[in-house]
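**Q** Right, I'll just put the structure down here and ask away after.
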Amino acid sequence: MSSSNFYRGRRLRSSKAIRDMVRETDLLPRNLVQPFFVLESQDPKESRPIASMPGQSQLAPAALEEEVSRAVDLGLQSVILFGIPVHKDQKASQAYAQDGIIQQTVQRLKKRFPSLVVITDVCLCEYTDHGHCGLIQDKKVQNDPTLELLAKTALSHAQAGADIVAPSDMMDGRVQAIRDMLDNQGFKELPIMSYAVKYASAYYGPFREAAQSSPSFGDRKTYQMDPGNAREALREAEADIIQGADMLMVKPALPYLDIISALQSSFDLPVAAYQVSGEYSQIKAAAQLGWLDEKSVALESVTAIKRAGAEIILTYFAREILGWMAGNE
Ligand code: PBG
Ligand code: ZN
C-alpha cells in the first residue's frame, strides 16, 4: 500500500485550533441543570454538607438563594429542586402542601430570578414515612391511588410558579394524571419533563442519603426498570409521549448511553439525562484519592452524555462546569 492511500485521522488533530474546528460536541451553559436539595429548617441560612456527595449540601431557602445567585452569575439557566421536609407521613402530605418546602422555595426563587428555569421533581419518596414513591397497602406500592397525589403535587408546584414539572416516581399513568390536572386547573402551557426511563439503579445511593429517602422495606424494583432492558425503554417512552410528556429523561446517564441514543433517534422530543448522585460521587471520590483528574473526567463524562443525544443534562457538576467555562480553576 502506498503511504498516501490510508486514512490519516491525525491531520485533523495536529493543533488545538484544528481540533476545535472539527469538534462535533460542545457543552453549552444552556445544556446544564443543577440539582439542589432544599432543607426545611428553623434557620433559613442552614447548610448541611452531604457526606457522600462532596461539594453538595442540603440548603435551607435563604442559603439556597445565595448559592443559586452565585451559580446564575456563572451562567446557570436552570435548577431542579428536591425537598427535605421536617414532617413525613403515610400519604406524603408535605409533597402537596401549599406552604410545603418546595412550594415556598419555588415562589422565592422565581421572585428573585424570574428568568431562571425552575424544574421541580415530582415524587412522594422524600415525603413518605416509609420512603417509597407511592402509597402503600399490604406492603405493596399502589399504582392508581398514587396518581391523584402525584397530580396534586404537580399542581401545587405549578401554582407556586414552577416552569417545568418532572415526575420521577415511575407509576404507570402518572403523566396523563398530571397533564389532566394541569389542563383542568389552568396550566395548559406548563411542560412535563418525564423521567420516562428510570432504572432501578444502585447509583442513587448517595442521593438517598442526601434526601433521606431510602425505602424502609423492600426496594424500588417493582416500579423502576430492570438495568438489563433496552427495548422496554422505548415502550416506556412511547407511553409517556402518548400521555402528554413534553421531554423525556433517561436516568442514570453514563451507564445508559445506549438508551439515550435510542430515545434520541426513535422520538422527536427533547431528551434529557440525569447524571445521578453515584456517578458524581465516584468521580469525586477517585479525585480525592488522586486517582482521577476531576475536571477532565467530569467534562468528559458530561460531554459523552451530550454526544449520545441528551441536550439537557441534569448534573451535580453543573456549577463547577460553568465555573470552568468561565475560566476558573
Ligand atoms: C426520587 C428520585 C431519586 C433520584 C431522583 N429522584 C431517587 C430514587 O429514585 O431513589 C435520584 C437522583 C440521584 O441519585 O442523583 N424518586
Ligand atoms: Zn421517588
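Lettering and numbering for the C-alpha cells are positional, with chains as A, B, ... in the shown order, residues counted from 1 in each chain, and ligands counted from 1 in the shown order.
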Near Phe207 of chain A, counting only C-alpha atoms, which residues have an atom at most 8 Å away, once you skip same-chain residues fewer than 4 positions from it, shown as a list in words?
**A**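 Contacts, with the query itself left out: Ala211, Gln212, Val276, Ser277 and Gly278 of chain A.
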**Q** What are the nearest atom pairs, with distances in Å to one decimal, for all residues of chain A that come at most 7 Å from ligand 2, using only C-alpha atoms and all ligand atoms, set out by chain and rising residue number as a tab-separated table?
**A**
```
residue	atom	partner	partner_atom_place_in_ligand_line	distance
A:Cys123	CA	ligand 2	1 (Zn)	4.7
A:Leu124	CA	ligand 2	1 (Zn)	5.4
A:Cys125	CA	ligand 2	1 (Zn)	4.2
A:Glu126	CA	ligand 2	1 (Zn)	6.8
A:His132	CA	ligand 2	1 (Zn)	6.3
A:Cys133	CA	ligand 2	1 (Zn)	4.0
A:Ser168	CA	ligand 2	1 (Zn)	5.9
A:Asp169	CA	ligand 2	1 (Zn)	4.7
```
**Q** For segment 115-119 of chain A, work out the shell of residues within 10 Å, counting only C-alpha atoms and skipping chain neighbours fewer than 6 positions away, then give it as a list in words.
**A**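 The residues that qualify are Val33, Gln34, Pro35, Val68, Val72, Leu76, Gln77, Ser78, Val79, Ile80, Leu81, Phe82, Val106, Gln107, Leu109, His157, Ala158, Gly161, Ala162, Asp163, Ile164, Val165, Ala166, Pro191, Ile192 and Met193 of chain A.
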**Q** Got a sec: who's within 9 Å of Ser93 of chain A, counting only C-alpha atoms, leaving out chain neighbours fewer than 6 positions off, as an mmCIF file with C-alpha atoms, in the first residue's frame?
**A**
```cif
data_model
loop_
_atom_site.group_PDB
_atom_site.id
_atom_site.type_symbol
_atom_site.label_atom_id
_atom_site.label_comp_id
_atom_site.auth_asym_id
_atom_site.auth_seq_id
_atom_site.Cartn_x
_atom_site.Cartn_y
_atom_site.Cartn_z
ATOM 1 C CA HIS A 87 -42.689 16.013 58.593
ATOM 2 C CA GLY A 100 -44.538 22.991 51.707
ATOM 3 C CA LEU A 124 -43.514 11.169 47.103
ATOM 4 C CA TYR A 127 -42.301 12.851 51.969
ATOM 5 C CA THR A 128 -43.495 9.366 52.931
ATOM 6 C CA LEU A 149 -51.390 12.559 44.910
#
```
**Q** With DSSP run on the backbone, what are the strand (DSSP E) residues within segment 16-129 of chain A? I'd like them as a list in words.
**A**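 Those in segment 16-129 of chain A that DSSP calls strand (DSSP E) are Leu32, Val33, Gln34, Pro35, Phe36, Phe37, Val38, Leu39, Ser47, Arg48, Pro49, Ser57, Gln58, Leu59, Ser78, Val79, Ile80, Leu81, Phe82, Gly83, Ile84, Val117, Val118, Ile119, Thr120, Asp121 and Val122 of chain A.
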**Q** For Gln56 of chain A, please output as a PDB file with N, CA and C atoms, in the first residue's frame all residues within 12 Å (counting only C-alpha atoms; exclusion window: fewer than 3 positions along the same chain).
**A**
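Output saved as result-v8.pdb:
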```
ATOM      1  N   GLN A  34     -28.737  22.270  37.331  1.00  0.00           N
ATOM      2  CA  GLN A  34     -28.130  21.945  38.633  1.00  0.00           C
ATOM      3  C   GLN A  34     -29.210  21.472  39.608  1.00  0.00           C
ATOM      4  N   PRO A  35     -29.069  20.270  40.166  1.00  0.00           N
ATOM      5  CA  PRO A  35     -29.999  19.827  41.213  1.00  0.00           C
ATOM      6  C   PRO A  35     -29.639  20.450  42.568  1.00  0.00           C
ATOM      7  N   PHE A  36     -30.672  20.766  43.336  1.00  0.00           N
ATOM      8  CA  PHE A  36     -30.475  21.292  44.699  1.00  0.00           C
ATOM      9  C   PHE A  36     -31.409  20.571  45.673  1.00  0.00           C
ATOM     10  N   PHE A  37     -30.909  20.372  46.904  1.00  0.00           N
ATOM     11  CA  PHE A  37     -31.712  19.789  47.976  1.00  0.00           C
ATOM     12  C   PHE A  37     -32.130  20.915  48.913  1.00  0.00           C
ATOM     13  N   VAL A  38     -33.438  21.121  49.037  1.00  0.00           N
ATOM     14  CA  VAL A  38     -33.918  22.218  49.874  1.00  0.00           C
ATOM     15  C   VAL A  38     -34.350  21.685  51.233  1.00  0.00           C
ATOM     16  N   SER A  47     -26.997  25.229  56.287  1.00  0.00           N
ATOM     17  CA  SER A  47     -26.396  24.491  55.181  1.00  0.00           C
ATOM     18  C   SER A  47     -25.741  23.251  55.763  1.00  0.00           C
ATOM     19  N   ARG A  48     -26.221  22.072  55.362  1.00  0.00           N
ATOM     20  CA  ARG A  48     -25.671  20.813  55.889  1.00  0.00           C
ATOM     21  C   ARG A  48     -24.975  20.050  54.782  1.00  0.00           C
ATOM     22  N   PRO A  49     -23.660  19.994  54.835  1.00  0.00           N
ATOM     23  CA  PRO A  49     -22.936  19.259  53.790  1.00  0.00           C
ATOM     24  C   PRO A  49     -23.379  17.794  53.747  1.00  0.00           C
ATOM     25  N   ILE A  50     -23.434  17.242  52.538  1.00  0.00           N
ATOM     26  CA  ILE A  50     -23.818  15.848  52.349  1.00  0.00           C
ATOM     27  C   ILE A  50     -22.534  15.018  52.245  1.00  0.00           C
ATOM     28  N   ALA A  51     -22.311  14.147  53.251  1.00  0.00           N
ATOM     29  CA  ALA A  51     -21.025  13.455  53.351  1.00  0.00           C
ATOM     30  C   ALA A  51     -20.685  12.651  52.094  1.00  0.00           C
ATOM     31  N   SER A  52     -21.704  11.989  51.528  1.00  0.00           N
ATOM     32  CA  SER A  52     -21.445  11.101  50.392  1.00  0.00           C
ATOM     33  C   SER A  52     -21.417  11.835  49.050  1.00  0.00           C
ATOM     34  N   MET A  53     -21.630  13.163  49.088  1.00  0.00           N
ATOM     35  CA  MET A  53     -21.596  13.959  47.863  1.00  0.00           C
ATOM     36  C   MET A  53     -20.768  15.224  48.086  1.00  0.00           C
ATOM     37  N   LEU A  59     -29.663  22.639  51.684  1.00  0.00           N
ATOM     38  CA  LEU A  59     -29.662  24.081  51.922  1.00  0.00           C
ATOM     39  C   LEU A  59     -31.049  24.579  52.311  1.00  0.00           C
ATOM     40  N   LEU A  64     -29.920  28.567  50.022  1.00  0.00           N
ATOM     41  CA  LEU A  64     -30.098  28.141  48.626  1.00  0.00           C
ATOM     42  C   LEU A  64     -30.098  29.356  47.697  1.00  0.00           C
ATOM     43  N   GLU A  67     -26.656  30.443  47.015  1.00  0.00           N
ATOM     44  CA  GLU A  67     -25.943  29.516  46.119  1.00  0.00           C
ATOM     45  C   GLU A  67     -26.437  29.671  44.678  1.00  0.00           C
ATOM     46  N   PRO A 206     -26.046   7.684  47.067  1.00  0.00           N
ATOM     47  CA  PRO A 206     -25.763   8.939  47.770  1.00  0.00           C
ATOM     48  C   PRO A 206     -26.964   9.887  47.824  1.00  0.00           C
ATOM     49  N   PHE A 207     -27.782   9.908  46.771  1.00  0.00           N
ATOM     50  CA  PHE A 207     -28.990  10.748  46.773  1.00  0.00           C
ATOM     51  C   PHE A 207     -29.903  10.362  47.926  1.00  0.00           C
ATOM     52  N   GLU A 209     -29.187   9.148  50.720  1.00  0.00           N
ATOM     53  CA  GLU A 209     -28.680   9.725  51.975  1.00  0.00           C
ATOM     54  C   GLU A 209     -28.990  11.224  51.992  1.00  0.00           C
ATOM     55  N   ALA A 210     -28.731  11.878  50.872  1.00  0.00           N
ATOM     56  CA  ALA A 210     -28.933  13.331  50.786  1.00  0.00           C
ATOM     57  C   ALA A 210     -30.389  13.707  51.008  1.00  0.00           C
ATOM     58  N   ALA A 211     -31.309  12.919  50.434  1.00  0.00           N
ATOM     59  CA  ALA A 211     -32.729  13.270  50.503  1.00  0.00           C
ATOM     60  C   ALA A 211     -33.444  12.498  51.600  1.00  0.00           C
ATOM     61  N   SER A 277     -26.427  10.890  41.501  1.00  0.00           N
ATOM     62  CA  SER A 277     -25.529  11.085  42.635  1.00  0.00           C
ATOM     63  C   SER A 277     -24.327  10.141  42.621  1.00  0.00           C
ATOM     64  N   TYR A 280     -21.696  11.077  40.167  1.00  0.00           N
ATOM     65  CA  TYR A 280     -20.962  12.243  40.674  1.00  0.00           C
ATOM     66  C   TYR A 280     -19.976  11.832  41.765  1.00  0.00           C
ATOM     67  N   SER A 281     -20.499  11.066  42.735  1.00  0.00           N
ATOM     68  CA  SER A 281     -19.675  10.744  43.904  1.00  0.00           C
ATOM     69  C   SER A 281     -18.481   9.865  43.559  1.00  0.00           C
ATOM     70  N   LYS A 284     -15.860  12.192  42.321  1.00  0.00           N
ATOM     71  CA  LYS A 284     -15.324  12.971  43.448  1.00  0.00           C
ATOM     72  C   LYS A 284     -14.390  12.128  44.313  1.00  0.00           C
ATOM     73  N   THR A 315     -26.951  17.576  36.242  1.00  0.00           N
ATOM     74  CA  THR A 315     -25.701  17.098  36.827  1.00  0.00           C
ATOM     75  C   THR A 315     -25.285  17.949  38.018  1.00  0.00           C
ATOM     76  N   TYR A 316     -24.783  17.247  39.054  1.00  0.00           N
ATOM     77  CA  TYR A 316     -24.286  17.966  40.234  1.00  0.00           C
ATOM     78  C   TYR A 316     -23.021  18.752  39.899  1.00  0.00           C
ATOM     79  N   PHE A 317     -22.424  18.481  38.739  1.00  0.00           N
ATOM     80  CA  PHE A 317     -21.246  19.234  38.303  1.00  0.00           C
ATOM     81  C   PHE A 317     -21.599  20.538  37.585  1.00  0.00           C
ATOM     82  N   ALA A 318     -22.899  20.828  37.400  1.00  0.00           N
ATOM     83  CA  ALA A 318     -23.280  21.983  36.561  1.00  0.00           C
ATOM     84  C   ALA A 318     -22.551  23.266  36.980  1.00  0.00           C
ATOM     85  N   ARG A 319     -22.616  23.576  38.264  1.00  0.00           N
ATOM     86  CA  ARG A 319     -21.982  24.830  38.735  1.00  0.00           C
ATOM     87  C   ARG A 319     -20.494  24.832  38.475  1.00  0.00           C
ATOM     88  N   GLU A 320     -19.848  23.707  38.785  1.00  0.00           N
ATOM     89  CA  GLU A 320     -18.398  23.631  38.575  1.00  0.00           C
ATOM     90  C   GLU A 320     -18.050  23.772  37.096  1.00  0.00           C
TER      91      GLU A 320
END
```
**Q** Pick from A:Arg30, A:Lys221, A:Arg208, A:Arg112: nearest to ligand 1, with only C-alpha atoms and all ligand atoms counted?
**A**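 Looking only at the distances to ligand 1, the closest residue turns out to be A:Arg208.
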**Q** Can you measure atom 3 (C, counted along the ligand's line) of ligand 1 to atom CA of Glu279 of chain A for me? One decimal in Å is fine.
**A**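 Computing it gives 13.1 Å between the two atoms.
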**Q** Atom CA of Met225 of chain A to atom CA of Ile242 of chain A: how many Å, to one decimal?
**A** 19.1 Å
**Q** I'd like to know which residues of segment 21-241 of chain A are helix (DSSP H, G or I) (by DSSP, run on the backbone); could you write them as a PyMOL selection string?
**A** chain A and resi 21-22+29-31+61-73+93-95+101-112+143-160+174-184+202-210+231-241
**Q** So which one's closest to ligand 1, A:Gln288, A:Ser213, A:Asn184, A:Thr153? Using only C-alpha atoms and all ligand atoms, please.
**A**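 Among the listed residues, A:Ser213 lies closest to ligand 1.
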